[in-house]
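Enquirer: Structure file my_file-v4.txt (compact mmCIF, C-alpha atoms and all ligand atoms) is given on the next line.
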# COMPACT_ATOMS: atom_id res chain seq x y z
CA MET A 8 -10.90 -6.22 -15.48
CA LEU A 9 -9.70 -5.19 -18.92
CA THR A 10 -7.72 -2.28 -17.46
CA ASP A 11 -5.79 -4.74 -15.24
CA LEU A 12 -4.89 -6.75 -18.32
CA PHE A 13 -3.81 -3.60 -20.12
CA VAL A 14 -1.66 -2.48 -17.18
CA GLY A 15 -0.21 -6.00 -16.97
CA VAL A 16 0.76 -6.05 -20.65
CA ARG A 17 2.19 -2.53 -20.44
CA SER A 18 4.34 -3.40 -17.45
CA LEU A 19 5.84 -6.32 -19.42
CA LEU A 20 6.70 -3.99 -22.29
CA SER A 21 8.22 -1.17 -20.26
CA PRO A 22 9.99 -1.10 -16.90
CA ALA A 23 7.94 -0.13 -13.82
CA ARG A 24 8.11 3.53 -12.89
CA CYS A 25 7.43 5.57 -9.77
CA VAL A 26 3.92 7.07 -9.97
CA GLY A 27 5.28 10.37 -8.61
CA CYS A 28 8.50 11.17 -10.51
CA GLN A 29 8.25 8.59 -13.35
CA LEU A 30 11.79 7.32 -12.69
CA PRO A 31 12.30 3.54 -12.88
CA TRP A 32 10.97 1.94 -9.69
CA SER A 33 9.74 -1.57 -8.95
CA GLU A 34 6.48 -1.88 -7.04
CA GLU A 35 7.64 -5.15 -5.47
CA GLY A 36 8.14 -3.50 -2.10
CA SER A 37 4.36 -2.71 -2.13
CA SER A 38 4.87 1.05 -2.48
CA PRO A 39 4.04 2.55 -5.90
CA LEU A 40 6.33 5.47 -5.04
CA CYS A 41 10.11 5.61 -4.83
CA PRO A 42 11.46 6.41 -1.33
CA ALA A 43 11.97 10.11 -2.20
CA CYS A 44 8.39 10.57 -3.46
CA LEU A 45 6.98 8.55 -0.56
CA LYS A 46 8.76 10.83 1.90
CA ALA A 47 7.59 13.95 0.04
CA LEU A 48 3.88 12.97 0.04
CA PRO A 49 1.83 16.01 1.15
CA ARG A 50 0.25 14.45 4.23
CA CYS A 51 -2.36 16.29 6.28
CA ARG A 52 -0.68 16.73 9.63
CA PHE A 53 -3.66 18.11 11.50
CA PRO A 54 -7.38 17.41 11.82
CA TRP A 55 -9.23 19.84 9.59
CA CYS A 56 -12.79 18.97 10.59
CA GLN A 57 -13.23 22.34 12.32
CA LYS A 58 -14.01 23.94 8.95
CA PHE A 59 -17.01 21.68 8.42
CA GLY A 60 -20.10 21.78 10.59
CA PRO A 61 -23.31 19.73 10.63
CA PRO A 62 -24.53 17.52 9.08
CA LEU A 63 -20.96 16.15 8.96
CA ASP A 64 -19.67 15.05 12.35
CA GLN A 65 -16.05 14.45 11.35
CA ALA A 66 -13.93 14.86 8.24
CA VAL A 67 -10.53 13.30 7.76
CA SER A 68 -8.15 13.35 4.83
CA VAL A 69 -4.85 11.59 4.25
CA PHE A 70 -3.24 14.05 1.83
CA HIS A 71 -3.46 17.52 0.39
CA TYR A 72 -4.55 17.24 -3.26
CA GLU A 73 -1.18 18.08 -4.81
CA GLY A 74 2.16 16.58 -5.88
CA ALA A 75 2.53 12.79 -5.75
CA ALA A 76 -0.83 12.43 -3.95
CA LYS A 77 -2.56 13.97 -6.97
CA GLU A 78 -0.60 11.64 -9.28
CA LEU A 79 -1.64 8.58 -7.26
CA ILE A 80 -5.32 9.50 -7.35
CA ALA A 81 -5.22 10.35 -11.08
CA SER A 82 -3.51 7.01 -11.85
CA LEU A 83 -6.31 5.15 -10.07
CA LYS A 84 -9.18 7.27 -11.34
CA TYR A 85 -8.29 8.03 -14.94
CA SER A 86 -5.77 5.29 -15.86
CA GLY A 87 -7.58 2.51 -14.03
CA ARG A 88 -4.47 1.49 -12.10
CA THR A 89 -6.27 -0.65 -9.52
CA SER A 90 -2.95 -2.16 -8.35
CA LEU A 91 -2.65 1.05 -6.27
CA LEU A 92 -5.68 0.11 -4.15
CA PRO A 93 -3.95 -1.89 -1.39
CA PHE A 94 -1.46 0.96 -0.80
CA LEU A 95 -4.14 3.68 -0.91
CA GLY A 96 -6.55 1.63 1.20
CA GLN A 97 -3.88 1.06 3.82
CA THR A 98 -2.95 4.76 4.13
CA LEU A 99 -6.66 5.65 4.36
CA THR A 100 -7.18 3.01 7.08
CA GLU A 101 -4.20 4.24 9.10
CA THR A 102 -5.44 7.84 8.96
CA VAL A 103 -9.01 6.89 9.93
CA LEU A 104 -7.78 4.89 12.95
CA GLU A 105 -5.43 7.70 13.98
CA ARG A 106 -8.07 10.45 13.76
CA LEU A 107 -11.32 8.65 14.63
CA GLY A 108 -10.01 6.04 17.07
CA PRO A 109 -10.07 2.21 17.11
CA ASP A 110 -13.87 1.87 16.65
CA PRO A 111 -14.57 4.52 14.00
CA ALA A 112 -17.97 3.39 12.61
CA ASP A 113 -20.60 0.68 12.24
CA ALA A 114 -20.46 0.69 8.44
CA VAL A 115 -18.58 2.20 5.52
CA LEU A 116 -20.29 3.54 2.40
CA PRO A 117 -18.96 5.10 -0.79
CA VAL A 118 -20.14 8.36 -2.31
CA PRO A 119 -21.91 6.93 -5.38
CA LEU A 120 -21.25 7.76 -9.02
CA HIS A 121 -24.18 8.28 -11.37
CA PRO A 122 -24.75 5.14 -13.55
CA THR A 123 -23.92 7.12 -16.72
CA ARG A 124 -20.54 8.18 -15.39
CA LEU A 125 -19.98 4.69 -13.96
CA ARG A 126 -20.40 3.26 -17.47
CA GLU A 127 -17.96 5.82 -18.88
CA ARG A 128 -15.32 5.06 -16.29
CA THR A 129 -16.19 1.37 -15.67
CA PHE A 130 -15.58 1.66 -11.92
CA ASN A 131 -16.27 3.96 -9.00
CA GLN A 132 -12.97 4.74 -7.27
CA ALA A 133 -14.81 5.73 -4.06
CA HIS A 134 -16.50 2.32 -4.05
CA LEU A 135 -13.16 0.48 -4.46
CA LEU A 136 -11.57 2.56 -1.68
CA ALA A 137 -14.58 2.01 0.61
CA LYS A 138 -14.29 -1.75 0.09
CA GLU A 139 -10.56 -1.67 0.96
CA LEU A 140 -11.25 0.39 4.08
CA ALA A 141 -14.20 -1.79 5.16
CA ASP A 142 -12.13 -4.97 4.71
CA ASN A 143 -9.22 -3.53 6.69
CA LEU A 144 -11.52 -2.41 9.52
CA ASP A 145 -13.64 -5.58 9.36
CA LEU A 146 -16.80 -3.51 8.81
CA PRO A 147 -19.69 -3.95 6.35
CA CYS A 148 -19.55 -1.88 3.16
CA TRP A 149 -23.01 -0.61 2.16
CA THR A 150 -22.73 0.05 -1.54
CA HIS A 151 -26.46 0.58 -2.16
CA ALA A 152 -27.32 2.86 0.75
CA LEU A 153 -26.97 5.97 -1.43
CA VAL A 154 -28.01 6.41 -5.05
CA ARG A 155 -26.97 9.20 -7.39
CA ARG A 156 -30.16 10.47 -9.02
CA ARG A 157 -28.64 12.69 -11.66
CA PRO A 158 -25.16 13.13 -13.08
CA THR A 159 -23.26 16.11 -11.72
CA LEU A 160 -20.18 17.82 -13.05
CA PRO A 161 -16.93 16.88 -11.28
CA GLN A 162 -16.63 19.24 -8.29
CA THR A 163 -12.98 20.00 -9.05
CA GLN A 164 -14.02 21.58 -12.38
CA LEU A 165 -16.41 24.07 -10.79
CA PRO A 166 -15.94 27.38 -9.03
CA ARG A 167 -16.53 27.23 -5.30
CA GLU A 168 -19.99 28.86 -5.35
CA ALA A 169 -21.32 26.49 -7.99
CA ARG A 170 -20.32 23.33 -6.11
CA LYS A 171 -23.14 23.43 -3.58
CA THR A 172 -25.85 23.89 -6.23
CA ASN A 173 -24.24 21.14 -8.30
CA VAL A 174 -24.81 18.44 -5.66
CA GLU A 175 -28.05 19.59 -4.01
CA LYS A 176 -30.73 16.97 -4.52
CA ALA A 177 -28.25 14.79 -6.45
CA PHE A 178 -28.64 11.82 -4.08
CA SER A 179 -31.42 9.63 -2.76
CA LEU A 180 -31.54 6.71 -0.35
CA GLY A 181 -31.18 3.21 -1.73
CA PRO A 182 -32.69 -0.01 -0.42
CA ASP A 183 -30.24 -0.49 2.49
CA PRO A 184 -32.45 -0.70 5.59
CA LEU A 185 -29.89 -0.43 8.39
CA ILE A 186 -29.18 3.29 8.53
CA ARG A 187 -31.22 4.05 11.68
CA SER A 188 -28.96 4.57 14.71
CA ALA A 189 -25.83 3.58 12.74
CA ARG A 190 -22.52 5.44 12.89
CA LEU A 191 -21.57 5.83 9.25
CA LEU A 192 -18.30 6.52 7.49
CA LEU A 193 -18.61 7.96 3.99
CA VAL A 194 -15.69 7.45 1.62
CA ASP A 195 -14.67 9.62 -1.31
CA ASP A 196 -11.41 9.97 -3.21
CA VAL A 197 -11.17 13.77 -3.10
CA PHE A 198 -12.96 16.10 -0.71
CA THR A 199 -13.34 19.67 -2.01
CA THR A 200 -15.72 22.08 -0.27
CA GLY A 201 -17.52 19.26 1.50
CA SER A 202 -20.78 19.94 -0.38
CA THR A 203 -21.00 16.40 -1.78
CA ALA A 204 -20.38 14.71 1.57
CA ALA A 205 -22.69 17.17 3.35
CA SER A 206 -25.46 16.43 0.86
CA CYS A 207 -25.10 12.67 1.53
CA ALA A 208 -24.83 13.21 5.29
CA LYS A 209 -28.02 15.26 5.36
CA LEU A 210 -29.98 12.41 3.76
CA LEU A 211 -28.43 9.79 6.04
CA LYS A 212 -29.20 11.87 9.14
CA GLN A 213 -32.81 12.30 7.98
CA ALA A 214 -32.99 8.50 7.75
CA GLY A 215 -31.86 8.28 11.39
CA ALA A 216 -28.09 7.78 11.21
CA ALA A 217 -26.49 8.43 14.61
CA SER A 218 -23.45 10.09 13.06
CA VAL A 219 -21.84 10.60 9.67
CA ALA A 220 -18.11 11.12 9.13
CA VAL A 221 -16.29 11.41 5.83
CA ALA A 222 -12.87 10.02 4.99
CA ALA A 223 -11.08 11.00 1.79
CA LEU A 224 -7.67 10.33 0.31
CA ALA A 225 -7.14 14.02 -0.31
CA HIS A 226 -8.69 17.42 0.10
CA GLY A 227 -8.13 20.30 -2.20
ZN ZN B 1 9.48 8.99 -7.34
How does this structure look as structure tokens?
Expert:
Amino acid sequence: MLTDLFVGVRSLLSPARCVGCQLPWSEEGSSPLCPACLKALPRCRFPWCQKFGPPLDQAVSVFHYEGAAKELIASLKYSGRTSLLPFLGQTLTETVLERLGPDPADAVLPVPLHPTRLRERTFNQAHLLAKELADNLDLPCWTHALVRRRPTLPQTQLPREARKTNVEKAFSLGPDPLIRSARLLLVDDVFTTGSTAASCAKLLKQAGAASVAVAALAHG
């Protein structure tokens, strides 16, 4: 990927820095954060699925969307820093196993981006995270099960009331035929009100999914 090349060239020109505090820090130890920032990550210490009812069966998040967690996600999403994926994928996997148990799903699927936005950004961060999670859990990753029918505004830019309307009817089912009776795990980078995941879950349940959970890096 061109962004990888760019990041590679940049790291030759300037010393590596911690994604959180920007102080010099080498990523060699596999963490993109210095020990202080790693320790200060705003982890979700409790299950917060109680706030969300059907059609979502479970909702888990690794971090609160603030501090170094926000920096990590922004570096991946807007600066194309895909070298963060193994670290982010691993923390997501650990949280999923901790909250949903050792056999969390039959398949993993990303919340899709609309093709127009995919072209603008060149990659779907939810797709990359879903692939990391699926690989770590040895599960299939169904990237075509959901299709985004129309572009929507980023949920984080909208007031709470407008978020639900923004995503209603935004998705349709793709050609993946295996949804019936499957326990599905949706993956997104940031979970806001849950409207996006709920909209996907509703469709998947209508197609016969046994259960739909959502796992996100952060909620905010
Ligand atoms: Zn730091």
Enquirer: With 8 Å as the cut-off and all atoms listed in the file counted, what is the closest atom pair between each nearby residue of chain A and ligand ZN 1 (chain B)? Distances in Å to one decimal, ordered by chain and number, as JSON lines.
Expert:
{"residue": "A:Arg24", "atom": "CA", "partner": "B:ZN1", "partner_atom": "ZN", "distance": 7.9}
{"residue": "A:Cys25", "atom": "CA", "partner": "B:ZN1", "partner_atom": "ZN", "distance": 4.7}
{"residue": "A:Val26", "atom": "CA", "partner": "B:ZN1", "partner_atom": "ZN", "distance": 6.4}
{"residue": "A:Gly27", "atom": "CA", "partner": "B:ZN1", "partner_atom": "ZN", "distance": 4.6}
{"residue": "A:Cys28", "atom": "CA", "partner": "B:ZN1", "partner_atom": "ZN", "distance": 4.0}
{"residue": "A:Gln29", "atom": "CA", "partner": "B:ZN1", "partner_atom": "ZN", "distance": 6.1}
{"residue": "A:Leu30", "atom": "CA", "partner": "B:ZN1", "partner_atom": "ZN", "distance": 6.1}
{"residue": "A:Trp32", "atom": "CA", "partner": "B:ZN1", "partner_atom": "ZN", "distance": 7.6}
{"residue": "A:Leu40", "atom": "CA", "partner": "B:ZN1", "partner_atom": "ZN", "distance": 5.3}
{"residue": "A:Cys41", "atom": "CA", "partner": "B:ZN1", "partner_atom": "ZN", "distance": 4.3}
{"residue": "A:Pro42", "atom": "CA", "partner": "B:ZN1", "partner_atom": "ZN", "distance": 6.8}
{"residue": "A:Ala43", "atom": "CA", "partner": "B:ZN1", "partner_atom": "ZN", "distance": 5.8}
{"residue": "A:Cys44", "atom": "CA", "partner": "B:ZN1", "partner_atom": "ZN", "distance": 4.3}
{"residue": "A:Leu45", "atom": "CA", "partner": "B:ZN1", "partner_atom": "ZN", "distance": 7.2}
Enquirer: Fewer than 2 positions away in the same chain doesn't count, so skip those; otherwise give me all residues within 8 Å of region 123-132 of chain A, counting only C-alpha atoms, as a count of residues only.
Expert: 12
Enquirer: List as a PyMOL selection string the protein and nucleic acid residues near Ser188 (chain A), meaning an atom at most 9 Å away when all atoms listed in the file are counted, but skip any in the same chain fewer than 5 places from it.
Expert: chain A and resi 214-218
Enquirer: Take the point (-30.4, 13.1, 6.3) in the file's coordinates, draw a sphere of radius 12 Å around it, and report as JSON, numbers by chain every protein, DNA or RNA residue with an atom inside or on it, counting only C-alpha atoms.
Expert: {"A": [61, 62, 63, 153, 176, 178, 179, 180, 186, 187, 191, 204, 205, 206, 207, 208, 209, 210, 211, 212, 213, 214, 215, 216, 217, 218, 219]}
Enquirer: Using the selection just defined, write its residues with C-alpha atoms as a short mmCIF file (atom, residue, chain, number, x, y, z; two decimals), keeping the file's coordinate frame.
Expert:
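part_4.cif, written as the output of this step:
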data_model
loop_
_atom_site.label_atom_id
_atom_site.label_comp_id
_atom_site.auth_asym_id
_atom_site.auth_seq_id
_atom_site.Cartn_x
_atom_site.Cartn_y
_atom_site.Cartn_z
CA PRO A 61 -23.31 19.73 10.63
CA PRO A 62 -24.53 17.52 9.08
CA LEU A 63 -20.96 16.15 8.96
CA LEU A 153 -26.97 5.97 -1.43
CA LYS A 176 -30.73 16.97 -4.52
CA PHE A 178 -28.64 11.82 -4.08
CA SER A 179 -31.42 9.63 -2.76
CA LEU A 180 -31.54 6.71 -0.35
CA ILE A 186 -29.18 3.29 8.53
CA ARG A 187 -31.22 4.05 11.68
CA LEU A 191 -21.57 5.83 9.25
CA ALA A 204 -20.38 14.71 1.57
CA ALA A 205 -22.69 17.17 3.35
CA SER A 206 -25.46 16.43 0.86
CA CYS A 207 -25.10 12.67 1.53
CA ALA A 208 -24.83 13.21 5.29
CA LYS A 209 -28.02 15.26 5.36
CA LEU A 210 -29.98 12.41 3.76
CA LEU A 211 -28.43 9.79 6.04
CA LYS A 212 -29.20 11.87 9.14
CA GLN A 213 -32.81 12.30 7.98
CA ALA A 214 -32.99 8.50 7.75
CA GLY A 215 -31.86 8.28 11.39
CA ALA A 216 -28.09 7.78 11.21
CA ALA A 217 -26.49 8.43 14.61
CA SER A 218 -23.45 10.09 13.06
CA VAL A 219 -21.84 10.60 9.67
#
Enquirer: So which one's closest to Pro109 (chain A), A:Leu144, A:Thr199, A:Asp64, A:Ala152? Using all atoms listed in the file, please.
Expert: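 When distances to Pro109 (chain A) are compared using all atoms listed in the file, the smallest one comes from A:Leu144.
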Enquirer: For CA of Ala66 (chain A) and CA of Thr100 (chain A), quote the distance in Å rounded to one decimal.
Expert: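 Separation of CA of Ala66 (chain A) and CA of Thr100 (chain A): 13.7 Å.
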Enquirer: Point out the residue among A:Leu140, A:Leu104, A:Ala169, A:Val197 with the least atom-to-atom distance to Leu92 (chain A), counting only C-alpha atoms.
Expert: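 Selected residue with least distance to Leu92 (chain A): A:Leu140.
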Enquirer: Find the residues near region 69-76 of chain A: any atom within 8 Å, counting only C-alpha atoms, skip ones fewer than 3 places away on the same chain, and give them as a tab-separated table (two decimals) with C-alpha atoms, in the frame of the given file.
Expert:
chain	number	residue	atom	x	y	z
A	26	VAL	CA	3.92	7.07	-9.97
A	27	GLY	CA	5.28	10.37	-8.61
A	28	CYS	CA	8.50	11.17	-10.51
A	44	CYS	CA	8.39	10.57	-3.46
A	47	ALA	CA	7.59	13.95	0.04
A	48	LEU	CA	3.88	12.97	0.04
A	49	PRO	CA	1.83	16.01	1.15
A	50	ARG	CA	0.25	14.45	4.23
A	51	CYS	CA	-2.36	16.29	6.28
A	79	LEU	CA	-1.64	8.58	-7.26
A	80	ILE	CA	-5.32	9.50	-7.35
A	98	THR	CA	-2.95	4.76	4.13
A	99	LEU	CA	-6.66	5.65	4.36
A	102	THR	CA	-5.44	7.84	8.96
A	197	VAL	CA	-11.17	13.77	-3.10
A	223	ALA	CA	-11.08	11.00	1.79
A	224	LEU	CA	-7.67	10.33	0.31
A	225	ALA	CA	-7.14	14.02	-0.31
A	226	HIS	CA	-8.69	17.42	0.10
A	227	GLY	CA	-8.13	20.30	-2.20
Enquirer: Please, what distance in Å, to one decimal, runs between CA of Pro39 (chain A) and CA of Phe94 (chain A)?
Expert: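 Calculated distance between CA of Pro39 (chain A) and CA of Phe94 (chain A) is 7.7 Å.
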Enquirer: Interatomic distance between CA of Ser37 (chain A) and CA of Leu107 (chain A)?
Expert: 25.6 Å
Enquirer: Considering all atoms listed in the file, can you say which of A:Ala23, A:Ala141, A:Ala177, A:Ala81 comes closest to Asp113 (chain A)?
Expert: A:Ala141
Enquirer: Select, from A:Gly96, A:Pro117, A:Gly108, A:Pro182, the residue with the minimum atom-to-atom distance to Val221 (chain A), counting only C-alpha atoms.
Expert: A:Pro117
Enquirer: For Ala222 (chain A), which residue among A:Glu139, A:Pro166, A:Arg88, A:Phe198 is the nearest when counting all atoms listed in the file?
Expert: A:Phe198
